[in-house]
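Below is model.txt, which holds compact mmCIF, C-alpha atoms.
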# COMPACT_ATOMS: atom_id res chain seq x y z
CA MET A 255 0.00 0.00 0.00
CA GLU A 256 1.26 3.48 -0.89
CA VAL A 257 1.62 5.70 2.16
CA LEU A 258 3.11 9.18 2.57
CA GLY A 259 5.81 9.20 5.23
CA ILE A 260 6.88 12.55 6.70
CA ASP A 261 9.86 13.11 8.98
CA VAL A 262 9.64 16.35 11.00
CA GLY A 263 13.05 17.63 12.06
CA GLY A 264 14.48 20.71 13.71
CA SER A 265 16.02 21.94 10.45
CA GLY A 266 13.90 20.32 7.76
CA ILE A 267 10.58 18.54 7.15
CA LYS A 268 10.92 15.73 4.62
CA GLY A 269 8.48 13.43 2.90
CA ALA A 270 8.26 10.62 0.35
CA LEU A 271 5.80 8.01 -0.85
CA VAL A 272 6.59 4.58 0.57
CA ASN A 273 5.53 1.01 -0.11
CA SER A 274 4.57 0.23 3.48
CA VAL A 275 4.76 -3.55 2.90
CA THR A 276 8.33 -3.67 1.59
CA GLY A 277 9.63 -0.38 3.06
CA GLU A 278 10.76 0.78 -0.38
CA MET A 279 10.70 4.52 -1.09
CA LEU A 280 8.70 5.02 -4.28
CA THR A 281 9.68 8.66 -4.87
CA LYS A 282 12.57 10.97 -4.21
CA ARG A 283 12.56 12.71 -0.86
CA PHE A 284 10.97 16.19 -0.88
CA ARG A 285 12.26 18.60 1.76
CA ILE A 286 11.09 21.99 3.03
CA PRO A 287 13.10 23.88 5.68
CA THR A 288 11.48 23.91 9.11
CA PRO A 289 9.96 27.36 9.76
CA GLU A 290 12.22 29.47 11.98
CA SER A 291 9.43 30.01 14.50
CA ARG A 292 8.93 26.22 14.92
CA LYS A 293 5.35 27.01 15.93
CA PRO A 294 2.44 24.56 15.40
CA LYS A 295 0.49 26.33 12.65
CA ALA A 296 3.60 27.20 10.62
CA MET A 297 4.86 23.62 10.74
CA ALA A 298 1.41 22.18 10.02
CA GLU A 299 1.30 24.33 6.88
CA VAL A 300 4.59 22.78 5.73
CA VAL A 301 3.18 19.28 6.29
CA SER A 302 0.19 20.30 4.17
CA GLN A 303 2.53 21.56 1.42
CA ILE A 304 4.33 18.21 1.34
CA VAL A 305 1.00 16.39 0.98
CA LYS A 306 0.06 18.70 -1.90
CA HIS A 307 3.46 18.21 -3.56
CA PHE A 308 2.79 14.49 -3.89
CA ASP A 309 -0.93 14.98 -4.64
CA HIS A 310 -1.48 12.32 -2.02
CA LYS A 311 -5.00 11.24 -1.00
CA GLY A 312 -4.31 8.33 1.35
CA PRO A 313 -2.96 7.76 4.85
CA VAL A 314 -0.08 9.86 6.18
CA GLY A 315 2.47 8.86 8.79
CA VAL A 316 4.45 11.53 10.62
CA GLY A 317 7.57 11.11 12.74
CA PHE A 318 7.65 13.98 15.25
CA PRO A 319 10.71 15.12 17.26
CA THR A 320 9.17 15.12 20.74
CA VAL A 321 7.29 12.81 23.08
CA ILE A 322 3.86 11.97 21.62
CA LYS A 323 1.18 10.34 23.81
CA HIS A 324 -2.24 9.57 22.30
CA GLY A 325 -1.42 12.06 19.55
CA VAL A 326 -0.61 14.86 22.02
CA CYS A 327 2.78 16.56 22.41
CA ILE A 328 3.94 16.02 26.00
CA SER A 329 7.18 18.00 25.70
CA PRO A 330 8.10 20.73 23.20
CA GLY A 331 11.70 19.47 22.99
CA ASN A 332 13.64 21.64 20.53
CA LEU A 333 10.45 23.16 19.12
CA HIS A 334 8.37 26.18 20.24
CA LYS A 335 6.73 26.00 23.69
CA LYS A 336 3.30 26.31 22.04
CA TRP A 337 3.58 22.63 21.06
CA LEU A 338 3.19 21.61 24.70
CA GLY A 339 -0.25 20.01 25.07
CA CYS A 340 -1.00 20.37 21.35
CA ASN A 341 -2.88 17.46 19.75
CA VAL A 342 -0.49 17.00 16.84
CA LYS A 343 -2.58 14.26 15.25
CA GLU A 344 -5.67 16.48 15.13
CA LEU A 345 -3.68 19.53 13.95
CA PHE A 346 -2.06 17.74 11.02
CA THR A 347 -5.31 15.97 10.13
CA SER A 348 -7.13 19.31 9.97
CA TYR A 349 -4.47 20.88 7.75
CA THR A 350 -4.19 17.92 5.34
CA GLY A 351 -7.76 16.60 5.36
CA LEU A 352 -6.28 13.10 5.51
CA PRO A 353 -5.96 10.42 8.20
CA VAL A 354 -2.67 11.07 10.00
CA THR A 355 -0.73 8.84 12.37
CA VAL A 356 1.86 10.61 14.53
CA ILE A 357 4.66 8.88 16.42
CA ASN A 358 7.92 10.00 17.97
CA ASP A 359 10.56 10.39 15.24
CA ALA A 360 13.12 8.11 16.88
CA ASP A 361 10.39 5.49 17.33
CA ALA A 362 9.65 5.86 13.60
CA ALA A 363 13.31 5.42 12.65
CA GLY A 364 13.53 2.41 14.93
CA TYR A 365 10.32 0.98 13.54
CA ALA A 366 11.78 1.15 10.02
CA THR A 367 15.07 -0.43 11.06
CA MET A 368 13.39 -3.21 13.03
CA ASN A 369 10.92 -4.04 10.26
CA TYR A 370 12.98 -3.50 7.10
CA GLY A 371 16.61 -2.95 8.10
CA LEU A 372 19.43 -4.38 10.19
CA GLY A 373 17.22 -4.81 13.23
CA LYS A 374 14.82 -7.23 11.53
CA GLY A 375 14.64 -10.45 13.50
CA LYS A 376 16.82 -9.12 16.35
CA GLN A 377 15.69 -10.34 19.74
CA GLY A 378 16.31 -8.91 23.19
CA LEU A 379 16.45 -5.20 24.02
CA VAL A 380 17.48 -3.11 21.00
CA VAL A 381 17.96 0.66 21.24
CA MET A 382 17.86 2.87 18.14
CA ILE A 383 19.67 6.19 18.59
CA THR A 384 19.06 8.93 16.01
CA ILE A 385 21.83 11.53 15.88
CA GLY A 386 20.77 14.94 14.59
CA THR A 387 19.60 18.22 16.08
CA GLY A 388 18.96 16.16 19.21
CA LEU A 389 19.53 12.58 20.32
CA GLY A 390 16.37 10.54 19.74
CA SER A 391 15.92 7.00 20.97
CA GLY A 392 13.57 4.17 20.07
CA VAL A 393 13.51 1.03 22.22
CA PHE A 394 12.36 -2.43 21.12
CA LEU A 395 11.95 -5.63 23.13
CA ASP A 396 11.93 -8.74 20.93
CA GLY A 397 10.92 -6.55 18.00
CA GLU A 398 8.03 -4.78 19.76
CA LEU A 399 8.19 -1.00 20.22
CA ILE A 400 8.33 0.41 23.75
CA PRO A 401 7.38 4.02 22.91
CA ASN A 402 8.78 7.33 24.12
CA PHE A 403 12.14 6.41 25.57
CA GLU A 404 13.71 9.89 25.46
CA LEU A 405 17.26 9.04 26.52
CA GLY A 406 18.60 12.27 25.02
CA GLN A 407 16.76 14.10 27.81
CA ILE A 408 19.06 12.72 30.54
CA PRO A 409 20.48 15.67 32.52
CA TYR A 410 24.28 15.92 32.32
CA LYS A 411 26.53 18.26 34.30
CA LYS A 412 25.42 21.87 33.65
CA TYR A 413 23.12 20.85 30.79
CA ASP A 414 19.38 20.37 31.20
CA LYS A 415 19.68 17.45 28.78
CA ILE A 416 22.69 15.62 27.42
CA GLU A 417 21.65 16.07 23.78
CA LEU A 418 22.60 19.76 24.08
CA TRP A 419 26.17 18.57 24.65
CA ALA A 420 26.41 15.37 22.60
CA ALA A 421 24.10 15.67 19.57
CA ASP A 422 25.35 16.33 16.04
CA SER A 423 24.12 19.92 16.39
CA ALA A 424 26.61 20.43 19.25
CA LYS A 425 29.40 19.13 17.01
CA GLU A 426 28.47 21.62 14.31
CA ARG A 427 27.86 24.52 16.67
CA GLU A 428 31.18 24.13 18.48
CA GLU A 429 33.06 23.03 15.35
CA LEU A 430 34.29 19.85 17.03
CA THR A 431 36.36 17.21 15.28
CA TYR A 432 34.83 13.76 15.05
CA LYS A 433 37.34 12.58 17.65
CA LYS A 434 36.33 15.23 20.20
CA TRP A 435 32.64 14.82 19.49
CA GLY A 436 32.96 11.02 19.49
CA LYS A 437 34.17 11.11 23.09
CA ARG A 438 31.07 13.07 24.06
CA PHE A 439 28.81 10.68 22.19
CA ASN A 440 30.51 7.73 23.87
CA LYS A 441 29.75 9.27 27.27
CA PHE A 442 26.09 9.41 26.26
CA LEU A 443 26.23 5.75 25.20
CA GLU A 444 27.84 4.87 28.54
CA LEU A 445 24.81 6.33 30.31
CA VAL A 446 22.43 4.49 27.97
CA GLU A 447 24.25 1.24 28.69
CA LEU A 448 24.15 1.86 32.45
CA ILE A 449 20.45 2.77 32.57
CA VAL A 450 18.92 0.46 29.95
CA CYS A 451 21.52 -2.33 29.54
CA PRO A 452 20.59 -3.09 25.90
CA ASP A 453 21.67 -6.08 23.82
CA LEU A 454 22.29 -3.96 20.72
CA ILE A 455 22.48 -0.25 19.83
CA ILE A 456 21.71 0.84 16.26
CA LEU A 457 22.68 4.35 15.15
CA GLY A 458 20.56 6.38 12.74
CA GLY A 459 20.26 10.00 11.67
CA GLY A 460 22.65 12.13 9.66
CA ALA A 461 25.81 11.32 11.64
CA SER A 462 25.34 7.57 11.32
CA LYS A 463 26.66 7.59 7.76
CA ASP A 464 30.01 8.87 9.10
CA PHE A 465 30.31 6.11 11.70
CA GLU A 466 33.83 5.14 10.62
CA GLU A 467 34.99 8.66 11.56
CA TYR A 468 34.25 8.07 15.24
CA ARG A 469 34.02 4.27 15.60
CA GLU A 470 37.28 4.15 17.58
CA CYS A 471 35.77 6.54 20.16
CA ILE A 472 33.00 4.06 21.06
CA LYS A 473 34.26 2.13 24.08
CA ILE A 474 31.12 0.54 25.54
CA ASP A 475 30.62 -3.24 25.79
CA THR A 476 27.26 -3.24 23.98
CA PRO A 477 27.56 -3.84 20.20
CA VAL A 478 27.00 -0.58 18.25
CA ILE A 479 26.22 -0.61 14.51
CA PRO A 480 25.05 2.06 12.02
CA ALA A 481 21.63 1.66 10.45
CA GLY A 482 21.65 1.03 6.71
CA LEU A 483 18.54 3.19 6.11
CA GLN A 484 20.22 6.32 7.52
CA ASN A 485 18.27 9.54 6.75
CA HIS A 486 15.35 7.71 5.14
CA ALA A 487 14.47 5.67 8.23
CA GLY A 488 12.20 8.34 9.74
CA ILE A 489 10.16 8.62 6.55
CA ILE A 490 9.90 4.86 6.03
CA GLY A 491 9.03 4.13 9.65
CA ALA A 492 6.38 6.85 9.80
CA ALA A 493 4.75 5.43 6.66
CA ALA A 494 4.78 1.91 8.08
CA ALA A 495 3.23 3.14 11.34
CA ALA A 496 0.40 4.78 9.41
CA LEU A 497 -0.56 1.48 7.83
CA HIS A 498 -0.02 -0.85 10.74
CA GLN A 499 -1.16 1.59 13.45
CA ALA A 500 2.02 1.15 15.49
CA PRO A 501 1.71 2.17 19.17
CA LYS A 502 1.43 5.96 19.42
CA ASP A 503 1.45 6.44 23.18
Same coordinates, now as structure tokens:
Amino acid sequence: MEVLGIDVGGSGIKGALVNSVTGEMLTKRFRIPTPESRKPKAMAEVVSQIVKHFDHKGPVGVGFPTVIKHGVCISPGNLHKKWLGCNVKELFTSYTGLPVTVINDADAAGYATMNYGLGKGKQGLVVMITIGTGLGSGVFLDGELIPNFELGQIPYKKYDKIELWAADSAKEREELTYKKWGKRFNKFLELVELIVCPDLIILGGGASKDFEEYRECIKIDTPVIPAGLQNHAGIIGAAAAALHQAPKD
């Protein structure tokens, strides 16, 4: 079935048509920069523009970069504070006129990887970490999603959340080398290993494609591998969730 998958990020909102059975992207990715205000109505308008671009009339799946519970934003994360308490599912449905499924973006990326990528068939506790503007995390037990594990929100030293210190955006902002940033990211993984004790960690997001640049910095005992789907995982996973009605709370 053809489904429109949309990945909402801090810097860009991307979409593509996806075969939700095979996970294959049927079109090229279409991207619109995230509005500077990062407010609900402005971002909903961009989602509507992406729907119109593909002239899509069917179900839409959206990966959203904050905690989503029953379609409602529980934390604004890196977005505008007006998102707090906003029913994202209803907002996007009203702007598109189509049935919309909304899940956390890291859950979407993990969902894609566990259903179509390197995580398929993996048992035990698998953690998907998406490295981008923030540090998203999707957690799966024997292939089943445990939603809204926001491990990037762990407080660290003077930072309200460790993603402010260890995400790819921190690397870019502070112009860090991969070696310096890799040590920070390893510290984050050490905390993940201590708190969750996973069997496998899969890395997604933009920085995952450069894994060889910082592989030597990863010192934890848990196996760490990059996801093959990389930047497309959020789109593919959101589309799959729209068809299969993956857990949204």
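Each of A:Gln377, A:Thr320, A:Asn332, A:Thr476 was checked against Phe403 of chain A using only C-alpha atoms; the smallest atom-to-atom distance is that of A:Thr320.
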Closest contacts (segment 344-442 of chain A/segment 295-314 of chain A, max 8 Å, all atoms listed in the file) as a tab-separated table:
residue	atom	partner	partner_atom	distance
A:Leu345	CA	A:Ala298	CA	7.0
A:Phe346	CA	A:Ala298	CA	5.7
A:Tyr349	CA	A:Ser302	CA	5.9
A:Thr350	CA	A:Ser302	CA	5.1
A:Leu352	CA	A:Pro313	CA	6.3
A:Pro353	CA	A:Pro313	CA	5.2
A:Val354	CA	A:Val314	CA	4.8
A:Thr355	CA	A:Val314	CA	6.3
Problem - Within 10 Å of Ile490 of chain A using all atoms listed in the file, minus same-chain residues under 4 positions, as an NGL selection string - result: :A and (257-261 or 269-274 or 276-279 or 315-317 or 362-367 or 369-370 or 483 or 485-486 or 494-495)
Prev. selection, C-alpha atoms, output as a PDB file, in the coordinates of the input:
ATOM      1  CA  VAL A 257       1.620   5.700   2.160  1.00  0.00           C
ATOM      2  CA  LEU A 258       3.110   9.180   2.570  1.00  0.00           C
ATOM      3  CA  GLY A 259       5.810   9.200   5.230  1.00  0.00           C
ATOM      4  CA  ILE A 260       6.880  12.550   6.700  1.00  0.00           C
ATOM      5  CA  ASP A 261       9.860  13.110   8.980  1.00  0.00           C
ATOM      6  CA  GLY A 269       8.480  13.430   2.900  1.00  0.00           C
ATOM      7  CA  ALA A 270       8.260  10.620   0.350  1.00  0.00           C
ATOM      8  CA  LEU A 271       5.800   8.010  -0.850  1.00  0.00           C
ATOM      9  CA  VAL A 272       6.590   4.580   0.570  1.00  0.00           C
ATOM     10  CA  ASN A 273       5.530   1.010  -0.110  1.00  0.00           C
ATOM     11  CA  SER A 274       4.570   0.230   3.480  1.00  0.00           C
ATOM     12  CA  THR A 276       8.330  -3.670   1.590  1.00  0.00           C
ATOM     13  CA  GLY A 277       9.630  -0.380   3.060  1.00  0.00           C
ATOM     14  CA  GLU A 278      10.760   0.780  -0.380  1.00  0.00           C
ATOM     15  CA  MET A 279      10.700   4.520  -1.090  1.00  0.00           C
ATOM     16  CA  GLY A 315       2.470   8.860   8.790  1.00  0.00           C
ATOM     17  CA  VAL A 316       4.450  11.530  10.620  1.00  0.00           C
ATOM     18  CA  GLY A 317       7.570  11.110  12.740  1.00  0.00           C
ATOM     19  CA  ALA A 362       9.650   5.860  13.600  1.00  0.00           C
ATOM     20  CA  ALA A 363      13.310   5.420  12.650  1.00  0.00           C
ATOM     21  CA  GLY A 364      13.530   2.410  14.930  1.00  0.00           C
ATOM     22  CA  TYR A 365      10.320   0.980  13.540  1.00  0.00           C
ATOM     23  CA  ALA A 366      11.780   1.150  10.020  1.00  0.00           C
ATOM     24  CA  THR A 367      15.070  -0.430  11.060  1.00  0.00           C
ATOM     25  CA  ASN A 369      10.920  -4.040  10.260  1.00  0.00           C
ATOM     26  CA  TYR A 370      12.980  -3.500   7.100  1.00  0.00           C
ATOM     27  CA  LEU A 483      18.540   3.190   6.110  1.00  0.00           C
ATOM     28  CA  ASN A 485      18.270   9.540   6.750  1.00  0.00           C
ATOM     29  CA  HIS A 486      15.350   7.710   5.140  1.00  0.00           C
ATOM     30  CA  ALA A 494       4.780   1.910   8.080  1.00  0.00           C
ATOM     31  CA  ALA A 495       3.230   3.140  11.340  1.00  0.00           C
TER      32      ALA A 495
END
Problem - Which of A:Glu428, A:Glu470, A:Asp361, A:Asp414 sits closest to Leu399 of chain A [using all atoms listed in the file] - result: A:Asp361
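Around the coordinate (14.7, 16.7, 6.4), residues that reach within 10 Å when counting all atoms listed in the file are A:Ile260, A:Asp261, A:Val262, A:Gly263, A:Gly264, A:Ser265, A:Gly266, A:Ile267, A:Lys268, A:Gly269, A:Arg283, A:Phe284, A:Arg285, A:Ile286, A:Pro287, A:Thr288, A:Gly460, A:Asn485, A:His486, A:Gly488, A:Ile489.
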Problem - Leu430 of chain A environment, 12 Å, only C-alpha atoms, sequence neighbours closer than 6 positions dropped, as a VMD selection string - result: chain A and resid 419 to 424 436 to 439 468
Practice task
Write out as a list in words which residues come within 7 Å of Val321 of chain A when counting all atoms listed in the file, dropping same-chain ones fewer than 6 positions away.
Solution key: Cys327, Ile328, Ser329, Asn358 and Asn402 of chain A
Handout entry: Shell of 9 Å around Thr384 of chain A, all atoms listed in the file, local chain residues under 5 positions omitted, as a PyMOL selection string
Key = chain A and resi 359-360+363-364+389-392+456-462+484
Handout entry: Neighbour list for Leu395 of chain A as a list of chain:residue names, cut-off 9 Å, all atoms listed in the file, skip fewer than 2 positions in-chain
Key = A:Gln377, A:Gly378, A:Leu379, A:Val380, A:Val381, A:Val393, A:Gly397, A:Glu398, A:Leu399, A:Ile400
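For the pair atom CA of Leu448 of chain A and atom CA of Phe394 of chain A, the interatomic distance is 16.9 Å.
Across the model, the gap from atom CA of Glu417 of chain A to atom CA of Thr387 of chain A is 8.3 Å.
The nearest approach to Met382 of chain A among the residues A:Pro330, A:Pro409, A:Pro477, A:Pro294, with all atoms listed in the file taken into account, belongs to A:Pro477.
Rounded to one decimal, atom CA of Arg427 of chain A and atom CA of Tyr410 of chain A lie 18.2 Å from each other.
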Practice task
Kindly indicate which residue among A:Leu418, A:Val275, A:Leu333, A:Met368 lies nearest to Ile385 of chain A, using only C-alpha atoms for the distances.
Solution key: A:Leu418
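For the set A:Glu290, A:Leu443, A:Ile455, A:Leu497, the residue with the smallest atom-to-atom gap to Lys473 of chain A is A:Leu443, counting all atoms listed in the file.
Compared by their closest atoms to Trp435 of chain A, and using all atoms listed in the file, the residues A:Lys343, A:Lys336, A:Arg469, A:Arg292 rank with A:Arg469 nearest.
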